[in-house]
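A.B. asks: Here's a structure for you.
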Amino acid sequence: MTAETLPQWPHRTLSGAGSASVPLRQFVIKVHSRCNLACTYCYVYRSPDQSWRERPVRVAPETMARTAQRIGEHAHTHGLRRIRLELHGGEPLLAGPEPLLEQVRAVRLAVPADCEVASSVQTNGTLLTGPVLDRLATEGIRVGLSLDGGSARLNRRRVGHGGASSWPGVARAADLLARRGGTQYAGILSTIDLNSEPGEVYGSLLELGPPALDFLLPHANWGAPPVGLPPAVPGRHRPGPAPYGQWLAEVFDLWWQAEGVRTEVRLFTEILALLLGWASAAEAVGLSPMVAVVVDTDGAIEQVDSLKSAYPGAPETGLDVFANSFDEALRHPGIAARQLGEEGLAIECRACPVLRVCGGGNYAHRYAPTSGFLHPSVYCADLELLIRHIARRLGGVPGPAGIAGGW
């Protein structure tokens with residue numbers, strides 16, 4: 001199945017919707033296409049899209065150079081003053097630190113002199129050592145960890161290919177990063193596991209000293225619903241089970257009631273900002289246009305990896321850095337659809353009272369086989385529960401569309 005065969009794919013162009021395209025500012029660069037872990041919920045290696053098998057294991061120097069040139073071209077064309085460079089895999093540190101350093105240097109040389117390049121690497125932590133951190137620090141590369149909690153038991157889904165726990169290596173990495181502080185420690189990404197008690201997960205992650213946390217909904221859709229939610233036809237189901245919203249609401253209360261300075265929890269701060277009328281800066285919520293793009297190890301320009309959970313080939317654009325510019329990527333229907341804001345959402349979403357905060361949820365979570373992405377999120381009930389819960393905690397502060405804490 002391809003995008004062209006989906007009857008409800010939002011093919012409307014930005015100009016047709018009365019909008020102008022927004023330049024890309026977040027470049028996710030794959031430096032290694034394999035991983036030394038076999039996490040049970042991985043959206044890359046356990047997804048319908050198995051294109052990683054056909055990619056080069058490591059990015060070639062000429063691909064890195066061409067990627068940097070294309071990023072520089074885009075930054076010059078649009079006068080960008082700041083971009084984000086995110087080094088990913090697989091497990092990017094399987095390549096060692098040097099290719100990461102080389103890619104960052106090449107991009108910094110290619111962009112305008114007044115364009116800041118904020119670089120980071122997202123890692124499972126098992127290969128992180130003091131010397132590796134020292135090398136990454138030479139180019140100001142910050143490090144984000146992926147883990148599900150602060151103990152071996154909470155990370156039971158994150159195992160090696162032989163089934164061994166990844167926790168000893170991750171615990172060492174977290175300790176190293178905590179000693180370095182926020183200048184190099186970007187934070188922790190944690191995918192929700194309903195079988196883990198939310199307070200225990202949250203408390204154990206705080207003990208690792210991250211400057212920020214981000215809780216992620218497992219990548220799922222209407223054709224492959226998440227654990228804990230029954231199969232259902234796409235739509236806005238009310239009433240409906242919302243175990244993920246309840247899980248997150250419990251964590252929010254612990255975070256909200258904390259004394260002193262709170263560790264940032266990105267999903268919560270994004271929802272609070274949206275309730276107060278500010279713009280979103282994350283893909284998970286809000287209506288801000290998507291500004292991220294992926295470059296794989298072969299130079300292919302792709303949409304975000306979460307789409308791999310939908311169907312084989314879902315992230316593909318047919319473009320690559322050798323033959324195409326990032327401006328051409330902006331015209332791809334999948335990328336254009338995610339810059340449409342409200343105009344790119346399903347009818348149910350556009351009539352929803354929490355629309356401007358929810359924003360339809362993660363794009364990949366809207367997918368349904370045979371009908372595409374023009375649906376509410378499979379986590380629709382969860383997102384609404386969480387948003388209303390946070391709005392109530394605000395104590396009556398009105399939101400951008402008359403939203404109030406009296407929900």
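Residue numbering restarts at 1 in every chain; chains get A, B, ... in the order shown in the structure tokens, and ligands count up from 1 in that same order.
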Using only C-alpha atoms, which residues sit within 8 Å of segment 248-264 of chain A once same-chain residues fewer than 3 positions away are excluded, as a list in words?
C.D. replies: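 Result of the neighbour search: Pro198, Gly199, Tyr202, Leu206, Pro210, Pro211, Ala212, Leu213, Tyr244, Gly245, Phe268, Thr269, Leu386, His389 and Ile390 of chain A.
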A.B. asks: I need the strand (DSSP E or B) residues of segment 87-226 of chain A per DSSP on the backbone, written as a PyMOL selection string.
C.D. replies: chain A and resi 87-88+116-123+142-146+159-160+165+185-191+212-216
A.B. asks: Rank A:Asp134, A:Leu37, A:Tyr363, A:Pro48 by their smallest atom-to-atom distance to Val170 of chain A, using only C-alpha atoms, and report the top residue only.
C.D. replies: A:Leu37
A.B. asks: Would you pick out the contacts of Thr129 of chain A at 10 Å or less, using only C-alpha atoms, so that residues sharing its chain but fewer than 2 positions from it are not included, and give the list as number ranges by chain?
C.D. replies: A: 125-127, 131-134, 169, 172-173, 176-177
A.B. asks: Mind writing the picked residues with N, CA, C and O atoms as a compact mmCIF listing (two decimals), in the first residue's frame?
C.D. replies:
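Result written to selection.txt:
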```txt
# COMPACT_ATOMS: atom_id res chain seq x y z
N GLY A 125 22.08 4.27 25.46
CA GLY A 125 23.00 4.45 26.57
C GLY A 125 23.98 3.33 26.81
O GLY A 125 24.95 3.51 27.56
N THR A 126 23.78 2.18 26.20
CA THR A 126 24.62 1.03 26.52
C THR A 126 26.07 1.19 26.08
O THR A 126 26.96 0.51 26.59
N LEU A 127 26.32 2.07 25.12
CA LEU A 127 27.67 2.27 24.60
C LEU A 127 28.29 3.59 25.05
O LEU A 127 29.37 3.96 24.59
N PRO A 131 34.91 8.75 27.92
CA PRO A 131 35.62 9.24 26.74
C PRO A 131 34.70 9.58 25.57
O PRO A 131 34.96 10.56 24.84
N VAL A 132 33.64 8.80 25.37
CA VAL A 132 32.70 9.12 24.30
C VAL A 132 32.02 10.46 24.58
O VAL A 132 31.89 11.31 23.69
N LEU A 133 31.60 10.68 25.82
CA LEU A 133 30.99 11.96 26.18
C LEU A 133 31.97 13.11 25.98
O LEU A 133 31.58 14.19 25.51
N ASP A 134 33.23 12.89 26.30
CA ASP A 134 34.24 13.93 26.09
C ASP A 134 34.35 14.29 24.61
O ASP A 134 34.45 15.48 24.26
N GLY A 169 24.10 -1.17 31.65
CA GLY A 169 24.75 -0.17 30.80
C GLY A 169 24.04 1.17 30.84
O GLY A 169 24.68 2.23 30.86
N ARG A 172 24.70 3.05 34.12
CA ARG A 172 26.03 3.67 34.08
C ARG A 172 25.98 4.96 33.27
O ARG A 172 26.53 5.99 33.68
N ALA A 173 25.30 4.91 32.12
CA ALA A 173 25.20 6.09 31.26
C ALA A 173 24.46 7.22 31.95
O ALA A 173 24.86 8.39 31.87
N LEU A 176 26.71 8.87 34.46
CA LEU A 176 27.70 9.72 33.80
C LEU A 176 27.08 11.05 33.36
O LEU A 176 27.68 12.12 33.54
N LEU A 177 25.88 10.98 32.78
CA LEU A 177 25.24 12.19 32.29
C LEU A 177 24.80 13.09 33.43
O LEU A 177 24.91 14.32 33.34
```
A.B. asks: Using only C-alpha atoms, find the one residue out of A:Asn362, A:Val354, A:His78, A:Glu384 that sits nearest to Arg238 of chain A.
C.D. replies: A:Glu384
A.B. asks: Hey, can you check how far atom CA of Pro312 of chain A sits from atom CA of Ser51 of chain A?
C.D. replies: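 Going from atom CA of Pro312 of chain A over to atom CA of Ser51 of chain A covers 7.7 Å.
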A.B. asks: For atom CA of Ile271 of chain A and atom CA of Arg81 of chain A, determine how far apart the two atoms are, in Å to one decimal place.
C.D. replies: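 Those two atoms sit 26.2 Å apart.
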A.B. asks: Which is closer to Gln103 of chain A than all the others in A:Val59, A:Leu128, A:Thr138, A:Glu343, using only C-alpha atoms?
C.D. replies: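 Using only C-alpha atoms, Gln103 of chain A sits closest to A:Val59.
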A.B. asks: Identify, on the basis of only C-alpha atoms, every residue whose closest approach to Ser377 of chain A does not exceed 8 Å; exclude the query and any residue fewer than 4 positions from it along the same chain; express the result as a PyMOL selection string.
C.D. replies: chain A and resi 221+360-363+365-367
A.B. asks: Convert the current residue selection to file output with N, CA and C atoms, as a JSON list (two decimals), in the first residue's frame.
C.D. replies:
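Final output, selection_14.json:
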```json
[["chain", "number", "residue", "atom", "x", "y", "z"],
["A", 221, "ASN", "N", -2.16, 2.45, 15.95],
["A", 221, "ASN", "CA", -3.14, 3.09, 15.08],
["A", 221, "ASN", "C", -4.44, 2.28, 15.10],
["A", 360, "GLY", "N", -5.24, 16.92, 17.10],
["A", 360, "GLY", "CA", -5.38, 15.64, 16.40],
["A", 360, "GLY", "C", -4.41, 14.58, 16.87],
["A", 361, "GLY", "N", -3.48, 14.95, 17.77],
["A", 361, "GLY", "CA", -2.51, 13.97, 18.25],
["A", 361, "GLY", "C", -1.45, 13.66, 17.21],
["A", 362, "ASN", "N", -0.60, 12.72, 17.54],
["A", 362, "ASN", "CA", 0.48, 12.30, 16.63],
["A", 362, "ASN", "C", -0.09, 11.80, 15.31],
["A", 363, "TYR", "N", 0.46, 12.27, 14.21],
["A", 363, "TYR", "CA", -0.06, 11.94, 12.88],
["A", 363, "TYR", "C", -0.12, 10.44, 12.64],
["A", 365, "HIS", "N", -0.64, 8.09, 14.64],
["A", 365, "HIS", "CA", -1.67, 7.43, 15.44],
["A", 365, "HIS", "C", -3.06, 7.60, 14.85],
["A", 366, "ARG", "N", -3.17, 8.37, 13.76],
["A", 366, "ARG", "CA", -4.48, 8.58, 13.11],
["A", 366, "ARG", "C", -4.77, 7.56, 12.01],
["A", 367, "TYR", "N", -3.79, 6.77, 11.67],
["A", 367, "TYR", "CA", -3.89, 5.89, 10.50],
["A", 367, "TYR", "C", -4.91, 4.76, 10.69]]
```
